[in-house]
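Enquirer: Encoded as structure tokens, here's the structure I'll be asking about.
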Amino acid sequence: MEFFCGLDVAMEETAVCVVDDQGVVHLEATAVTDPDALFAVLKPFLPRLRRVGHEAGSLSPWLHPELKKLGLPAICLETLHVRAALSAQRNKTDKADALGIAHIMRTGWFRQAYIKSESCYRTRLLLTHRRNLKAKFLDLENSVRHSLKSFGIRLGKVGRGAFEQAVRQAVVDDPLSSELMDAMLSARAALWRQYCRLHDLVVKMVARSELCRRFMAIPGVGPVTALSFMTAIDDPSRFRRSRDVAAYFGLTSRRWQSGTSIDVQGRISNADVRRSLYEAASGLMTRFKGRDKVKSWGQAIAKRSCHRKACVAVARKLAVSMHAMWNDGTFYVGDPAASRNDAAQRAHLKDRRLLGAHR
């Protein structure tokens with residue numbers, strides 16, 4: 001007899017359910033959300049415990065590796081698959097969810113979620129907080145602009161460096177507004193200092209990474225895009241084909257088909273790195289002045305469609321290219337003439353190695 005376990009993980013407590021290979025329930029319990037506490041509950045079943053499933057969540061990067069270290073056959077499940085499997089439940093409770101996950105483990109109808117390395121999660125945390133600080137900084141700046149419009153003050157196109165001086169000059173004759181704007185500008189300056197601090201950490205981290213520097217050889221790809229892509233992939237071998245990366249980042253068209261009457265195509269799903277790749281593609285299409293085969297390909301799409309769709313297509317091409325560069329250890333060459341020269345140089349080096357081996 002084999003046993004299968006389902007864990008419905010919450011912040012404080014975790015519902016535990018163990019069933020056998022026939023679906024008979026052998027244990028329903030609640031334990032503190034702690035690896036040692038969960039191990040103590042499952043220890044009697046450990047010799048014949050085949051799978052322990054838990055849904056991907058905010059605690060998964062910490063809980064999953066700890067369960068594996070203790071010797072439990074833990075599997076992190078894709079959230080969408082678990083939600084679809086449990087949607088037929090009449091009542092949704094932690095106990096019922098744990099039972100449903102246990103049956104998913106027993107039947108094998110699941111897709112395993114990838115758990116990134118701890119260093120990868122730490123780097124992604126840096127990128128997340130950098131983005132959050134920038135968003136709060138822009139919120140404060142826009143709030144100052146909006147509040148001044150009530151008094152007929154329109155700042156117009158003011159650069160980031162001259163923004164503070166322009167606001168102070170605009171409210172210099174109003175003591176209350178001057179005091180209020182001083183508080184807002186001080187908070188804005190503090191946010192900008194801390195944002196620059198985190199951005200410097202990103203730049204230093206990219207400078208130490210040979211892979212990120214190779215990514216930055218692509219026109220339009222900067223430090224944030226390179227580091228975001230690297231941490232989002234973590235392990236390139238988990239993608240069988242490079243073109244699968246584009247779908248992972250939401251850069252391929254979604255399709256919803258039902259029978260012969262419903263067939264919706266063309267919607268683009270969302271992903272965290274998609275924004276960075278889109279910005280890199282837009283920079284390649286609009287700011288880069290040199291010759292590049294991907295840029296020419298995107299411009300051809302823009303002529304027959306629109307600029308936004310062309311940027312999405314170029315972003316997809318960049319994602320596929322970056323993954324291939326990671327797998328093969330190759331470098332990006334955008335100029336077709338340079339590509340021919342590079343190919344000729346590789347052929348020459350190959351010939352030299354062959355001649356050396358022959359001698």
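Every chain in the structure tokens takes a letter, A first, then B, and so on in the order presented; its residues are numbered from 1, and the ligands are numbered from 1 following the presented order.
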If we count only C-alpha atoms and set the cut-off at 9 Å, which residues sit around Ser117 of chain A, ignoring sequence neighbours fewer than 4 positions away in its own chain? Please answer as number ranges by chain.
Expert: A: 61, 121-122, 234
Enquirer: Could you list, as a list in words, every residue within 8 Å of segment 178-195 of chain A, counting only C-alpha atoms and ignoring same-chain residues fewer than 3 positions away?
Expert: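 The contact residues come out as Arg130, Leu133, Lys134, Lys136, Phe137, Leu140, Glu141, Val144, Glu164, Val167, Arg168, Val171, Val172, Asp173, Asp174, Pro175, Leu198 and His199 of chain A.
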Enquirer: Take atom CA of Ser209 of chain A and atom CA of Lys317 of chain A and report the distance between them in Å, one decimal.
Expert: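 These atoms are spaced 22.5 Å apart.
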Enquirer: May I have the residues within 9 Å of Ser228 of chain A as a PyMOL selection string, using only C-alpha atoms and disregarding those fewer than 2 positions away in the same chain?
Expert: chain A and resi 123-124+127+223-226+230-233+272-273+276
Enquirer: I need the chosen residues saved as a tab-separated table (two decimals), in the first residue's frame, with all heavy atoms.
Expert:
```tsv
chain	number	residue	atom	x	y	z
A	123	THR	N	17.74	37.88	-5.67
A	123	THR	CA	17.94	38.86	-6.74
A	123	THR	C	16.63	39.40	-7.24
A	123	THR	O	16.50	40.61	-7.52
A	123	THR	CB	18.72	38.21	-7.90
A	123	THR	OG1	19.92	37.63	-7.39
A	123	THR	CG2	19.09	39.26	-8.94
A	124	ARG	N	15.62	38.55	-7.37
A	124	ARG	CA	14.30	39.01	-7.80
A	124	ARG	C	13.68	39.95	-6.78
A	124	ARG	O	12.94	40.87	-7.12
A	124	ARG	CB	13.39	37.82	-8.06
A	124	ARG	CG	13.77	37.04	-9.30
A	124	ARG	CD	12.80	35.92	-9.59
A	124	ARG	NE	11.48	36.44	-9.89
A	124	ARG	CZ	11.10	36.89	-11.08
A	124	ARG	NH1	11.98	36.90	-12.08
A	124	ARG	NH2	9.89	37.31	-11.29
A	127	LEU	N	15.07	43.34	-7.50
A	127	LEU	CA	14.40	43.95	-8.65
A	127	LEU	C	12.99	44.41	-8.30
A	127	LEU	O	12.54	45.47	-8.75
A	127	LEU	CB	14.36	42.95	-9.81
A	127	LEU	CG	15.70	42.60	-10.44
A	127	LEU	CD1	15.55	41.40	-11.37
A	127	LEU	CD2	16.27	43.79	-11.20
A	223	PRO	N	20.78	46.73	-18.03
A	223	PRO	CA	21.05	45.90	-16.85
A	223	PRO	C	19.80	45.28	-16.24
A	223	PRO	O	19.81	44.11	-15.85
A	223	PRO	CB	21.71	46.88	-15.87
A	223	PRO	CG	22.24	47.99	-16.73
A	223	PRO	CD	21.31	48.10	-17.88
A	224	VAL	N	18.71	46.06	-16.17
A	224	VAL	CA	17.49	45.54	-15.53
A	224	VAL	C	16.89	44.41	-16.36
A	224	VAL	O	16.49	43.37	-15.83
A	224	VAL	CB	16.48	46.68	-15.33
A	224	VAL	CG1	15.16	46.15	-14.78
A	224	VAL	CG2	17.04	47.73	-14.39
A	225	THR	N	16.83	44.60	-17.67
A	225	THR	CA	16.29	43.55	-18.54
A	225	THR	C	17.13	42.29	-18.48
A	225	THR	O	16.61	41.17	-18.39
A	225	THR	CB	16.20	44.06	-19.99
A	225	THR	OG1	15.40	45.25	-20.02
A	225	THR	CG2	15.58	43.02	-20.89
A	226	ALA	N	18.44	42.44	-18.52
A	226	ALA	CA	19.33	41.28	-18.49
A	226	ALA	C	19.19	40.51	-17.18
A	226	ALA	O	19.07	39.27	-17.18
A	226	ALA	CB	20.78	41.73	-18.69
A	230	MET	N	17.51	36.71	-16.55
A	230	MET	CA	18.33	35.66	-15.97
A	230	MET	C	17.67	35.06	-14.73
A	230	MET	O	17.64	33.84	-14.55
A	230	MET	CB	19.72	36.19	-15.62
A	230	MET	CG	20.69	35.12	-15.16
A	230	MET	SD	22.30	35.75	-14.67
A	230	MET	CE	21.87	36.56	-13.12
A	231	THR	N	17.13	35.91	-13.86
A	231	THR	CA	16.51	35.41	-12.64
A	231	THR	C	15.16	34.76	-12.89
A	231	THR	O	14.74	33.89	-12.13
A	231	THR	CB	16.36	36.55	-11.63
A	231	THR	OG1	15.62	37.64	-12.22
A	231	THR	CG2	17.71	37.06	-11.18
A	232	ALA	N	14.46	35.18	-13.94
A	232	ALA	CA	13.18	34.56	-14.26
A	232	ALA	C	13.36	33.15	-14.83
A	232	ALA	O	12.53	32.27	-14.61
A	232	ALA	CB	12.41	35.43	-15.26
A	233	ILE	N	14.46	32.93	-15.56
A	233	ILE	CA	14.72	31.61	-16.12
A	233	ILE	C	15.40	30.71	-15.09
A	233	ILE	O	15.01	29.57	-14.89
A	233	ILE	CB	15.61	31.73	-17.38
A	233	ILE	CG1	14.88	32.52	-18.47
A	233	ILE	CG2	15.99	30.36	-17.89
A	233	ILE	CD1	13.65	31.86	-19.00
A	272	ASP	N	5.86	38.89	-15.67
A	272	ASP	CA	6.65	39.92	-14.99
A	272	ASP	C	7.75	40.49	-15.90
A	272	ASP	O	8.00	41.69	-15.91
A	272	ASP	CB	7.29	39.34	-13.73
A	272	ASP	CG	6.25	39.02	-12.67
A	272	ASP	OD1	5.16	39.61	-12.73
A	272	ASP	OD2	6.52	38.18	-11.80
A	273	VAL	N	8.40	39.65	-16.66
A	273	VAL	CA	9.54	40.09	-17.46
A	273	VAL	C	9.08	40.68	-18.79
A	273	VAL	O	9.88	41.31	-19.49
A	273	VAL	CB	10.49	38.90	-17.70
A	273	VAL	CG1	11.82	39.37	-18.30
A	273	VAL	CG2	10.78	38.19	-16.40
A	276	SER	N	9.88	44.40	-19.29
A	276	SER	CA	11.28	44.71	-19.57
A	276	SER	C	11.66	44.34	-21.00
A	276	SER	O	12.36	45.09	-21.69
A	276	SER	CB	12.20	43.97	-18.59
A	276	SER	OG	11.97	44.41	-17.27
```
Enquirer: Of the candidates A:Lys68, A:Lys43, A:Arg241, A:His103, which shows the shortest atom-to-atom distance to Gln22 of chain A, using only C-alpha atoms?
Expert: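 Nearest candidate to Gln22 of chain A out of A:Lys68, A:Lys43, A:Arg241, A:His103: A:His103.
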Enquirer: Of the residues A:Arg291, A:Arg50, A:His323, A:His146, which is the one nearest to Arg214 of chain A, using only C-alpha atoms?
Expert: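 Ranked by minimum distance to Arg214 of chain A, first place goes to A:His323.
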